[in-house]
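Engineer: Just so it is clear, I am handing over query_4.cif, which has mmCIF, C-alpha atoms, pLDDT in the B column; chains and numbers go by the auth columns.
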data_run
#
loop_
_atom_site.group_PDB
_atom_site.id
_atom_site.type_symbol
_atom_site.label_atom_id
_atom_site.label_comp_id
_atom_site.label_asym_id
_atom_site.label_seq_id
_atom_site.Cartn_x
_atom_site.Cartn_y
_atom_site.Cartn_z
_atom_site.B_iso_or_equiv
_atom_site.auth_seq_id
_atom_site.auth_asym_id
ATOM 1 C CA MET A 1 166.978 140.447 42.888 93.00 1 H
ATOM 2 C CA LYS A 2 165.216 139.763 46.161 95.00 2 H
ATOM 3 C CA ILE A 3 161.481 139.577 46.690 95.00 3 H
ATOM 4 C CA ALA A 4 159.499 138.248 49.627 97.00 4 H
ATOM 5 C CA VAL A 5 156.680 135.924 48.608 98.00 5 H
ATOM 6 C CA ASN A 6 154.237 134.666 51.217 98.00 6 H
ATOM 7 C CA GLY A 7 156.633 135.678 53.982 97.00 7 H
ATOM 8 C CA LYS A 8 159.661 133.911 52.510 97.00 8 H
ATOM 9 C CA GLU A 9 162.540 135.838 50.978 96.00 9 H
ATOM 10 C CA GLN A 10 163.343 134.660 47.470 94.00 10 H
ATOM 11 C CA VAL A 11 166.259 135.462 45.201 95.00 11 H
ATOM 12 C CA VAL A 12 165.222 135.419 41.561 95.00 12 H
ATOM 13 C CA ASP A 13 167.222 135.990 38.388 94.00 13 H
ATOM 14 C CA PHE A 14 165.018 137.409 35.647 94.00 14 H
ATOM 15 C CA GLU A 15 165.118 140.263 33.194 95.00 15 H
ATOM 16 C CA PRO A 16 163.783 143.347 35.030 96.00 16 H
ATOM 17 C CA ASP A 17 160.803 143.670 32.686 97.00 17 H
ATOM 18 C CA THR A 18 159.639 140.062 33.193 97.00 18 H
ATOM 19 C CA PRO A 19 156.065 140.067 34.492 98.00 19 H
ATOM 20 C CA LEU A 20 155.830 139.085 38.145 98.00 20 H
ATOM 21 C CA LEU A 21 153.232 136.460 37.168 98.00 21 H
ATOM 22 C CA TRP A 22 155.846 134.385 35.340 98.00 22 H
ATOM 23 C CA VAL A 23 158.285 134.609 38.230 98.00 23 H
ATOM 24 C CA ILE A 24 155.564 133.407 40.621 98.00 24 H
ATOM 25 C CA ARG A 25 154.391 130.573 38.376 97.00 25 H
ATOM 26 C CA ASP A 26 157.545 129.460 36.567 96.00 26 H
ATOM 27 C CA GLU A 27 160.332 130.100 39.060 95.00 27 H
ATOM 28 C CA LEU A 28 158.553 129.754 42.400 97.00 28 H
ATOM 29 C CA LYS A 29 156.103 127.072 41.152 97.00 29 H
ATOM 30 C CA LEU A 30 153.124 128.759 42.823 97.00 30 H
ATOM 31 C CA LYS A 31 150.409 127.874 40.334 97.00 31 H
ATOM 32 C CA GLY A 32 147.376 129.406 42.087 96.00 32 H
ATOM 33 C CA THR A 33 147.851 132.784 40.425 97.00 33 H
ATOM 34 C CA LYS A 34 146.400 132.511 36.928 97.00 34 H
ATOM 35 C CA PHE A 35 147.142 134.079 33.564 97.00 35 H
ATOM 36 C CA GLY A 36 143.943 135.525 32.164 95.00 36 H
ATOM 37 C CA CYS A 37 144.222 138.364 29.678 95.00 37 H
ATOM 38 C CA GLY A 38 147.850 139.471 29.981 96.00 38 H
ATOM 39 C CA LYS A 39 146.758 143.112 29.989 97.00 39 H
ATOM 40 C CA GLY A 40 145.711 143.650 33.618 96.00 40 H
ATOM 41 C CA LEU A 41 142.022 143.768 32.743 96.00 41 H
ATOM 42 C CA CYS A 42 140.464 140.564 34.092 97.00 42 H
ATOM 43 C CA GLY A 43 141.970 140.159 37.567 97.00 43 H
ATOM 44 C CA ALA A 44 142.832 136.447 37.379 97.00 44 H
ATOM 45 C CA CYS A 45 146.468 137.270 38.175 98.00 45 H
ATOM 46 C CA THR A 46 145.742 139.441 41.238 98.00 46 H
ATOM 47 C CA VAL A 47 148.273 139.237 44.081 98.00 47 H
ATOM 48 C CA HIS A 48 149.045 141.611 46.939 98.00 48 H
ATOM 49 C CA LEU A 49 151.984 143.989 46.927 98.00 49 H
ATOM 50 C CA ASN A 50 152.519 145.156 50.493 97.00 50 H
ATOM 51 C CA GLY A 51 148.852 144.344 51.158 96.00 51 H
ATOM 52 C CA SER A 52 147.358 146.071 48.107 97.00 52 H
ATOM 53 C CA PRO A 53 145.984 144.174 45.128 97.00 53 H
ATOM 54 C CA ILE A 54 147.977 144.418 41.894 98.00 54 H
ATOM 55 C CA ARG A 55 147.911 142.691 38.525 98.00 55 H
ATOM 56 C CA SER A 56 150.956 140.447 38.345 98.00 56 H
ATOM 57 C CA CYS A 57 150.681 140.007 34.563 98.00 57 H
ATOM 58 C CA ILE A 58 151.595 143.652 33.940 98.00 58 H
ATOM 59 C CA THR A 59 153.830 144.317 36.948 98.00 59 H
ATOM 60 C CA PRO A 60 157.514 143.917 36.112 98.00 60 H
ATOM 61 C CA VAL A 61 159.484 141.941 38.675 97.00 61 H
ATOM 62 C CA SER A 62 161.844 144.915 39.034 97.00 62 H
ATOM 63 C CA ALA A 63 158.945 146.953 40.483 97.00 63 H
ATOM 64 C CA VAL A 64 158.576 144.587 43.438 97.00 64 H
ATOM 65 C CA GLU A 65 162.205 144.170 44.445 96.00 65 H
ATOM 66 C CA ASN A 66 162.617 144.153 48.241 94.00 66 H
ATOM 67 C CA GLN A 67 158.843 144.254 48.732 96.00 67 H
ATOM 68 C CA ASN A 68 156.269 141.818 50.080 97.00 68 H
ATOM 69 C CA ILE A 69 154.144 139.776 47.697 98.00 69 H
ATOM 70 C CA THR A 70 151.264 137.588 48.839 98.00 70 H
ATOM 71 C CA THR A 71 149.726 135.030 46.508 98.00 71 H
ATOM 72 C CA ILE A 72 146.617 132.912 46.996 97.00 72 H
ATOM 73 C CA GLU A 73 148.864 130.264 48.581 97.00 73 H
ATOM 74 C CA GLY A 74 149.757 132.795 51.280 97.00 74 H
ATOM 75 C CA ILE A 75 146.320 133.681 52.629 96.00 75 H
ATOM 76 C CA GLY A 76 145.246 130.314 54.019 93.00 76 H
ATOM 77 C CA THR A 77 145.660 126.555 53.893 91.00 77 H
ATOM 78 C CA GLU A 78 143.315 123.588 53.654 90.00 78 H
ATOM 79 C CA GLU A 79 143.853 123.015 57.373 94.00 79 H
ATOM 80 C CA ASN A 80 143.476 126.683 58.285 94.00 80 H
ATOM 81 C CA PRO A 81 141.574 128.498 55.517 95.00 81 H
ATOM 82 C CA HIS A 82 141.134 132.235 55.416 95.00 82 H
ATOM 83 C CA PRO A 83 137.513 133.102 56.324 96.00 83 H
ATOM 84 C CA LEU A 84 136.971 134.051 52.684 97.00 84 H
ATOM 85 C CA GLN A 85 138.141 130.642 51.497 96.00 85 H
ATOM 86 C CA ALA A 86 135.766 128.967 53.947 96.00 86 H
ATOM 87 C CA SER A 87 132.912 131.220 52.796 97.00 87 H
ATOM 88 C CA TRP A 88 133.738 130.562 49.150 96.00 88 H
ATOM 89 C CA ALA A 89 133.263 126.837 49.808 95.00 89 H
ATOM 90 C CA GLU A 90 130.162 127.327 51.949 96.00 90 H
ATOM 91 C CA PHE A 91 128.473 129.530 49.336 96.00 91 H
ATOM 92 C CA ASN A 92 129.609 127.300 46.474 95.00 92 H
ATOM 93 C CA VAL A 93 131.100 130.312 44.692 96.00 93 H
ATOM 94 C CA PRO A 94 133.331 128.708 42.046 91.00 94 H
ATOM 95 C CA GLN A 95 131.953 127.218 38.892 89.00 95 H
ATOM 96 C CA CYS A 96 134.893 126.858 36.524 90.00 96 H
ATOM 97 C CA GLY A 97 137.126 128.303 39.245 88.00 97 H
ATOM 98 C CA TYR A 98 139.597 129.999 36.923 92.00 98 H
ATOM 99 C CA CYS A 99 139.116 133.535 38.254 95.00 99 H
ATOM 100 C CA GLN A 100 138.696 132.547 41.877 95.00 100 H
ATOM 101 C CA SER A 101 142.231 133.108 43.151 96.00 101 H
ATOM 102 C CA GLY A 102 142.123 136.658 41.771 97.00 102 H
ATOM 103 C CA GLN A 103 138.650 137.182 43.216 97.00 103 H
ATOM 104 C CA LEU A 104 139.818 135.947 46.626 98.00 104 H
ATOM 105 C CA MET A 105 142.884 138.182 46.556 98.00 105 H
ATOM 106 C CA ALA A 106 140.797 141.263 45.728 98.00 106 H
ATOM 107 C CA ALA A 107 138.266 140.357 48.423 98.00 107 H
ATOM 108 C CA SER A 108 140.931 139.694 51.064 97.00 108 H
ATOM 109 C CA ALA A 109 142.484 143.112 50.394 97.00 109 H
ATOM 110 C CA LEU A 110 139.046 144.661 50.856 98.00 110 H
ATOM 111 C CA LEU A 111 138.421 142.883 54.165 97.00 111 H
ATOM 112 C CA ALA A 112 141.901 143.704 55.451 96.00 112 H
ATOM 113 C CA ASN A 113 140.903 147.370 55.280 95.00 113 H
ATOM 114 C CA ASN A 114 137.145 147.174 55.840 96.00 114 H
ATOM 115 C CA GLN A 115 135.572 144.414 57.918 94.00 115 H
ATOM 116 C CA SER A 116 132.076 145.855 57.447 97.00 116 H
ATOM 117 C CA PRO A 117 131.815 146.420 53.706 98.00 117 H
ATOM 118 C CA THR A 118 128.563 147.577 52.176 98.00 118 H
ATOM 119 C CA ASP A 119 127.323 146.205 48.877 98.00 119 H
ATOM 120 C CA ALA A 120 128.708 149.356 47.249 98.00 120 H
ATOM 121 C CA ASP A 121 132.118 148.797 48.894 98.00 121 H
ATOM 122 C CA ILE A 122 132.188 145.248 47.564 98.00 122 H
ATOM 123 C CA ASP A 123 131.082 146.337 44.103 97.00 123 H
ATOM 124 C CA THR A 124 133.860 148.925 43.992 97.00 124 H
ATOM 125 C CA ALA A 125 136.572 146.580 45.291 97.00 125 H
ATOM 126 C CA MET A 126 135.561 143.737 42.980 97.00 126 H
ATOM 127 C CA ALA A 127 134.612 145.725 39.866 95.00 127 H
ATOM 128 C CA SER A 128 137.761 144.955 37.914 94.00 128 H
ATOM 129 C CA ASN A 129 137.739 141.207 38.587 96.00 129 H
ATOM 130 C CA ILE A 130 135.833 139.390 35.879 96.00 130 H
ATOM 131 C CA CYS A 131 133.967 136.124 36.423 95.00 131 H
ATOM 132 C CA ARG A 132 132.865 134.713 33.099 93.00 132 H
ATOM 133 C CA CYS A 133 130.567 132.278 34.906 93.00 133 H
ATOM 134 C CA GLY A 134 128.676 135.175 36.508 93.00 134 H
ATOM 135 C CA THR A 135 128.932 134.095 40.149 95.00 135 H
ATOM 136 C CA TYR A 136 128.856 137.712 41.334 96.00 136 H
ATOM 137 C CA PRO A 137 125.849 137.296 43.691 97.00 137 H
ATOM 138 C CA ARG A 138 127.542 134.348 45.419 97.00 138 H
ATOM 139 C CA ILE A 139 130.840 136.250 45.605 97.00 139 H
ATOM 140 C CA LYS A 140 129.089 139.176 47.306 98.00 140 H
ATOM 141 C CA ALA A 141 127.264 136.872 49.745 98.00 141 H
ATOM 142 C CA ALA A 142 130.508 135.057 50.591 98.00 142 H
ATOM 143 C CA ILE A 143 132.322 138.344 51.239 98.00 143 H
ATOM 144 C CA HIS A 144 129.569 139.509 53.587 98.00 144 H
ATOM 145 C CA HIS A 145 129.651 136.138 55.375 97.00 145 H
ATOM 146 C CA ALA A 146 133.446 136.248 55.742 97.00 146 H
ATOM 147 C CA ALA A 147 133.238 139.822 57.041 97.00 147 H
ATOM 148 C CA ASP A 148 130.765 138.658 59.702 96.00 148 H
ATOM 149 C CA SER A 149 133.099 135.776 60.580 92.00 149 H
ATOM 150 C CA LEU A 150 136.030 138.140 60.991 90.00 150 H
ATOM 151 C CA LYS A 151 134.026 140.497 63.211 87.00 151 H
ATOM 152 C CA ASN A 152 132.927 137.595 65.416 84.00 152 H
ATOM 153 C CA SER A 153 136.375 136.040 65.807 76.00 153 H
#
Would you mind writing the file out in structure tokens?

Structural biologist:
Amino acid sequence: MKIAVNGKEQVVDFEPDTPLLWVIRDELKLKGTKFGCGKGLCGACTVHLNGSPIRSCITPVSAVENQNITTIEGIGTEENPHPLQASWAEFNVPQCGYCQSGQLMAASALLANNQSPTDADIDTAMASNICRCGTYPRIKAAIHHAADSLKNS
């Protein structure tokens, strides 16, 4: 089947019920998307499907055929980071870092649709992404900072 990942069309050969996460990590070797709970509850595996955040650990690859997937590797680079990635570094958001790609993917989906999020907007958008280190205040501050950066660019 065909899927587009980070703007590049890919042909993958997997059982239709294989979770997208394993296709991304094992076949495409994109290791930024993490396995967390395997039940779609923690958010570590968050990617975008046509711009909307989804849980790749519970999404079968057959559900994304001929659609656009964006992983953490697709939102920015070291040379040209997404404003959220720059804010994450500036606000020293990660501690262990395990949940951060999922957090960034949820936050980037929010900012793609709302460049002036309120605290309540951020809380709603980020509610299902768990950070066991408890960096939620820094995550919120970094999202606000990135939103300001996007408005001023």

Engineer: Step by step, work through what the PyMOL selection byres ((chain H and resi 12-29) around 6) selects in the shown file, and finish by giving those residues as a ChimeraX atom specification.

Structural biologist: /H:1,11,30-31,56-62

Engineer: To one decimal place, how far is atom CA of H:Gly51 from atom CA of H:Asn114 in Å?

Structural biologist: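 Pair atom CA of H:Gly51 / atom CA of H:Asn114 returns 12.9 Å.
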
Engineer: Rounded to one decimal place, report the atom CA of H:Ala106-atom CA of H:Asn6 distance in Å.

Structural biologist: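 Separating atom CA of H:Ala106 from atom CA of H:Asn6 is a distance of 15.9 Å.
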
Engineer: Put a box with edges along x, y and z around all the listed atoms of stretch 39-42 of chain H, pad it by 4 Å on each side, then give me its centre and sizes in Å, one decimal, as AutoDock Vina command-line options.

Structural biologist:
--center_x 143.6 --center_y 142.2 --center_z 32.0 --size_x 14.3 --size_y 11.2 --size_z 12.1

Engineer: With the file shown as input, list the residues that the PyMOL selection byres ((chain H and resi 100) around 10) selects, as a VMD selection string.

Structural biologist: chain H and resid 32 to 34 43 to 46 72 85 88 93 to 99 101 to 106 129 to 131 139

Engineer: Between H:His48, H:Arg132, H:His82, H:Lys8, which has the minimum distance to H:Gly36 (counting all atoms listed in the file)?

Structural biologist: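 Among the listed residues, H:Arg132 lies closest to H:Gly36.
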